[in-house]
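Peer 1: Below is one structure. I have some questions about it.
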Amino acid sequence: MDLITFTHVVTRAGAAFGFSLMCVTAMWIYYSRGRSIKALKKKKVWLPWAGAGLTMVMASAVTGGLLGRISGGFTGTGNAAGAAIGDAAVGQSGAGAVPLSTGEVLSYSGSWLAFVLVIGLCLFVWFAKGWEERALALSGGLTGATWGITAAVGGWASMLGVPLLSWLGEVLIG
């Protein structure tokens, strides 16, 4: 058994894991901070989580090179965790792929921008002020690489985000 599986295909178990990870992260913050919705609105909570999620959605539009390995590693890890937790929690493996939203591929320049976003995410995790920021970034990254690239949620990324990042890359890089 491989420690990390590299794939760009999200299984039903992976999509369920990403969705549940997002919900559990939000519930953990809500309950640990006095049952306050205001706790979820703070920048120190949603910025690391949403930034990591969006970064992994965009990185999943790149299937080759180091960036493809990183995003594929997150997706494969989410699939494996979803299958293991699904077997234990609900008694079903959740096999079978779900439709993906990454029908478009980033341009060369857009891929470089996605690479810069991933480097920024890595630096954020490295220089985070504590375990909470790192956990939020990891939760957002796994959610973005699994549930965030399914057609149910990530369709906007395929229709809007990928062309926008490709266009921005052409404008900034050439």
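Residue numbers start at 1 in each chain; chains themselves are named A, B, ... in the order of the structure tokens; ligands are numbered from 1 in the order shown.
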I need the residues in chain A that are alpha helix (DSSP H) according to DSSP; give them as a ChimeraX atom specification.
Peer 2: /A:12-32,38-41,43-59,65-89,108-126,131-145,151-156,162-172
Peer 1: Tell me which protein, DNA and RNA residues are within 7 Å of range 76-88 of chain A, counting only C-alpha atoms, leaving out same-chain ones fewer than 5 positions away, and put them as number ranges by chain.
Peer 2: A: 4-7, 10-11, 13-14, 16-18, 93-94, 142, 146
Peer 1: How about saving the chosen residues, N, CA and C atoms kept, as a short mmCIF file (atom, residue, chain, number, x, y, z; two decimals), in the first residue's frame?
Peer 2:
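Output (selection-v2.cif):
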```
data_model
loop_
_atom_site.label_atom_id
_atom_site.label_comp_id
_atom_site.auth_asym_id
_atom_site.auth_seq_id
_atom_site.Cartn_x
_atom_site.Cartn_y
_atom_site.Cartn_z
N ILE A 4 1.09 7.68 -0.16
CA ILE A 4 0.35 8.73 -0.86
C ILE A 4 0.06 8.25 -2.27
N THR A 5 -1.19 8.36 -2.68
CA THR A 5 -1.59 8.03 -4.03
C THR A 5 -1.71 9.32 -4.82
N PHE A 6 -1.17 9.35 -6.03
CA PHE A 6 -1.23 10.54 -6.87
C PHE A 6 -2.28 10.32 -7.95
N THR A 7 -3.31 11.12 -7.93
CA THR A 7 -4.37 11.02 -8.92
C THR A 7 -5.07 12.37 -9.07
N VAL A 10 -11.27 12.36 -8.55
CA VAL A 10 -11.85 12.35 -7.22
C VAL A 10 -12.88 11.23 -7.14
N THR A 11 -12.78 10.41 -6.12
CA THR A 11 -13.79 9.38 -5.91
C THR A 11 -14.93 9.97 -5.07
N ALA A 13 -15.83 8.84 -2.28
CA ALA A 13 -15.32 8.88 -0.91
C ALA A 13 -14.46 10.13 -0.69
N GLY A 14 -13.66 10.50 -1.68
CA GLY A 14 -12.83 11.70 -1.58
C GLY A 14 -13.67 12.96 -1.53
N ALA A 16 -16.78 13.16 -0.52
CA ALA A 16 -17.46 13.16 0.78
C ALA A 16 -16.50 13.57 1.89
N PHE A 17 -15.25 13.11 1.81
CA PHE A 17 -14.25 13.48 2.81
C PHE A 17 -14.00 14.99 2.78
N GLY A 18 -13.84 15.56 1.58
CA GLY A 18 -13.62 17.00 1.48
C GLY A 18 -14.77 17.81 2.03
N SER A 93 -17.60 1.86 0.97
CA SER A 93 -16.31 2.38 0.50
C SER A 93 -16.45 3.65 -0.33
N GLY A 94 -17.57 3.87 -0.98
CA GLY A 94 -17.74 5.08 -1.78
C GLY A 94 -16.90 5.05 -3.04
N LEU A 142 -7.03 20.18 1.49
CA LEU A 142 -7.65 18.88 1.22
C LEU A 142 -9.08 19.05 0.69
N THR A 146 -10.32 17.96 -3.19
CA THR A 146 -11.29 16.86 -3.31
C THR A 146 -12.67 17.43 -3.66
#
```
Peer 1: When distances are computed from only C-alpha atoms, which of A:Thr63, A:Val162, A:Lys44, A:Ala26 shows the smallest separation from Gly130 in chain A?
Peer 2: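 Checking each candidate against Gly130 in chain A, we get A:Lys44 as the closest.
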Peer 1: At most 10 Å is the cut-off: for each residue in range 29-108 of chain A with any atom that close to an atom of range 132-137 of chain A, write down the nearest atom pair and the distance in Å rounded to one decimal, counting only C-alpha atoms, chain first then increasing number, as a Markdown table.
Peer 2:
```
| residue | atom | partner | partner_atom | distance |
| --- | --- | --- | --- | --- |
| A:Ile29 | CA | A:Leu136 | CA | 9.9 |
| A:Lys44 | CA | A:Glu133 | CA | 7.7 |
| A:Val45 | CA | A:Leu136 | CA | 7.3 |
| A:Trp46 | CA | A:Leu136 | CA | 8.3 |
| A:Leu47 | CA | A:Ala137 | CA | 8.8 |
| A:Pro48 | CA | A:Ala137 | CA | 5.1 |
| A:Trp49 | CA | A:Ala137 | CA | 4.9 |
| A:Ala50 | CA | A:Ala137 | CA | 8.0 |
| A:Gly51 | CA | A:Ala137 | CA | 7.6 |
| A:Ala52 | CA | A:Ala137 | CA | 5.3 |
| A:Gly53 | CA | A:Ala137 | CA | 7.8 |
```
Peer 1: Selection from above, all heavy atoms, as an mmCIF file, in the first residue's frame, can you write it?
Peer 2:
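Wrote it out as result-v6.cif, contents follow:
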```
data_model
loop_
_atom_site.group_PDB
_atom_site.id
_atom_site.type_symbol
_atom_site.label_atom_id
_atom_site.label_comp_id
_atom_site.auth_asym_id
_atom_site.auth_seq_id
_atom_site.Cartn_x
_atom_site.Cartn_y
_atom_site.Cartn_z
ATOM 1 N N ILE A 29 -14.486 25.165 14.921
ATOM 2 C CA ILE A 29 -14.254 26.573 15.228
ATOM 3 C C ILE A 29 -15.459 27.160 15.959
ATOM 4 O O ILE A 29 -15.321 27.886 16.945
ATOM 5 C CB ILE A 29 -13.945 27.361 13.939
ATOM 6 C CG1 ILE A 29 -12.584 26.921 13.398
ATOM 7 C CG2 ILE A 29 -13.975 28.861 14.179
ATOM 8 C CD1 ILE A 29 -12.290 27.380 12.001
ATOM 9 N N LYS A 44 -8.542 35.601 10.385
ATOM 10 C CA LYS A 44 -7.549 34.602 10.785
ATOM 11 C C LYS A 44 -8.095 33.185 10.698
ATOM 12 O O LYS A 44 -7.347 32.230 10.790
ATOM 13 C CB LYS A 44 -6.986 34.897 12.164
ATOM 14 C CG LYS A 44 -7.919 34.681 13.315
ATOM 15 C CD LYS A 44 -7.286 35.072 14.621
ATOM 16 C CE LYS A 44 -6.866 33.860 15.382
ATOM 17 N NZ LYS A 44 -6.299 34.119 16.672
ATOM 18 N N VAL A 45 -9.412 33.041 10.483
ATOM 19 C CA VAL A 45 -10.008 31.724 10.291
ATOM 20 C C VAL A 45 -10.249 31.450 8.815
ATOM 21 O O VAL A 45 -9.778 30.469 8.258
ATOM 22 C CB VAL A 45 -11.338 31.605 11.073
ATOM 23 C CG1 VAL A 45 -12.093 30.364 10.682
ATOM 24 C CG2 VAL A 45 -11.065 31.630 12.568
ATOM 25 N N TRP A 46 -10.990 32.319 8.140
ATOM 26 C CA TRP A 46 -11.395 32.003 6.764
ATOM 27 C C TRP A 46 -10.294 32.248 5.748
ATOM 28 O O TRP A 46 -10.254 31.589 4.714
ATOM 29 C CB TRP A 46 -12.687 32.716 6.360
ATOM 30 C CG TRP A 46 -12.619 34.212 6.305
ATOM 31 C CD1 TRP A 46 -13.005 35.082 7.261
ATOM 32 C CD2 TRP A 46 -12.153 35.009 5.210
ATOM 33 N NE1 TRP A 46 -12.794 36.369 6.853
ATOM 34 C CE2 TRP A 46 -12.273 36.359 5.593
ATOM 35 C CE3 TRP A 46 -11.631 34.716 3.963
ATOM 36 C CZ2 TRP A 46 -11.903 37.397 4.763
ATOM 37 C CZ3 TRP A 46 -11.258 35.767 3.133
ATOM 38 C CH2 TRP A 46 -11.404 37.094 3.536
ATOM 39 N N LEU A 47 -9.375 33.146 6.008
ATOM 40 C CA LEU A 47 -8.330 33.426 5.025
ATOM 41 C C LEU A 47 -7.380 32.239 4.819
ATOM 42 O O LEU A 47 -7.147 31.836 3.675
ATOM 43 C CB LEU A 47 -7.565 34.698 5.398
ATOM 44 C CG LEU A 47 -6.670 35.283 4.331
ATOM 45 C CD1 LEU A 47 -7.463 35.627 3.086
ATOM 46 C CD2 LEU A 47 -5.972 36.518 4.845
ATOM 47 N N PRO A 48 -6.845 31.612 5.884
ATOM 48 C CA PRO A 48 -5.995 30.444 5.633
ATOM 49 C C PRO A 48 -6.774 29.283 5.001
ATOM 50 O O PRO A 48 -6.265 28.602 4.113
ATOM 51 C CB PRO A 48 -5.485 30.039 7.017
ATOM 52 C CG PRO A 48 -5.774 31.159 7.917
ATOM 53 C CD PRO A 48 -6.851 31.977 7.295
ATOM 54 N N TRP A 49 -8.000 29.076 5.425
ATOM 55 C CA TRP A 49 -8.783 27.956 4.911
ATOM 56 C C TRP A 49 -9.177 28.192 3.454
ATOM 57 O O TRP A 49 -8.936 27.355 2.599
ATOM 58 C CB TRP A 49 -10.039 27.743 5.771
ATOM 59 C CG TRP A 49 -10.738 26.500 5.390
ATOM 60 C CD1 TRP A 49 -10.504 25.260 5.886
ATOM 61 C CD2 TRP A 49 -11.742 26.353 4.387
ATOM 62 N NE1 TRP A 49 -11.317 24.350 5.264
ATOM 63 C CE2 TRP A 49 -12.085 24.994 4.338
ATOM 64 C CE3 TRP A 49 -12.387 27.228 3.530
ATOM 65 C CZ2 TRP A 49 -13.044 24.498 3.469
ATOM 66 C CZ3 TRP A 49 -13.343 26.737 2.658
ATOM 67 C CH2 TRP A 49 -13.655 25.389 2.644
ATOM 68 N N ALA A 50 -9.763 29.332 3.170
ATOM 69 C CA ALA A 50 -10.221 29.614 1.805
ATOM 70 C C ALA A 50 -9.044 29.794 0.856
ATOM 71 O O ALA A 50 -9.102 29.349 -0.296
ATOM 72 C CB ALA A 50 -11.110 30.858 1.790
ATOM 73 N N GLY A 51 -7.969 30.416 1.308
ATOM 74 C CA GLY A 51 -6.795 30.585 0.458
ATOM 75 C C GLY A 51 -6.201 29.252 0.046
ATOM 76 O O GLY A 51 -5.859 29.034 -1.116
ATOM 77 N N ALA A 52 -6.090 28.337 1.006
ATOM 78 C CA ALA A 52 -5.552 27.014 0.689
ATOM 79 C C ALA A 52 -6.503 26.248 -0.219
ATOM 80 O O ALA A 52 -6.077 25.571 -1.163
ATOM 81 C CB ALA A 52 -5.314 26.231 1.971
ATOM 82 N N GLY A 53 -7.799 26.361 0.033
ATOM 83 C CA GLY A 53 -8.780 25.674 -0.813
ATOM 84 C C GLY A 53 -8.744 26.149 -2.244
ATOM 85 O O GLY A 53 -8.690 25.351 -3.182
#
```
Peer 1: Residues at most 10 Å from range 54-60 of chain A, counting only C-alpha atoms, excluding those fewer than 5 positions away in the same chain, as JSON, numbers by chain?
Peer 2: {"A": [7, 8, 9, 49, 67, 68, 69, 70, 71, 72, 74, 75, 101, 102, 105, 106, 110, 111, 112, 113, 114, 115, 116, 117, 118, 119, 120, 121, 140, 141, 142, 143, 144, 145, 146, 147, 148, 149, 150, 154, 157, 158, 161, 162, 165]}
Peer 1: Please identify all polymer residues within 12 Å of Val171 in chain A, counting only C-alpha atoms, omitting same-chain residues fewer than 2 positions from it, and present them as a ChimeraX atom specification.
Peer 2: /A:107,109-110,113,164-169,173-174
Peer 1: What is the CA of Val125 in chain A to CA of Leu138 in chain A distance in Å?
Peer 2: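 Between CA of Val125 in chain A and CA of Leu138 in chain A the gap works out to 8.4 Å.
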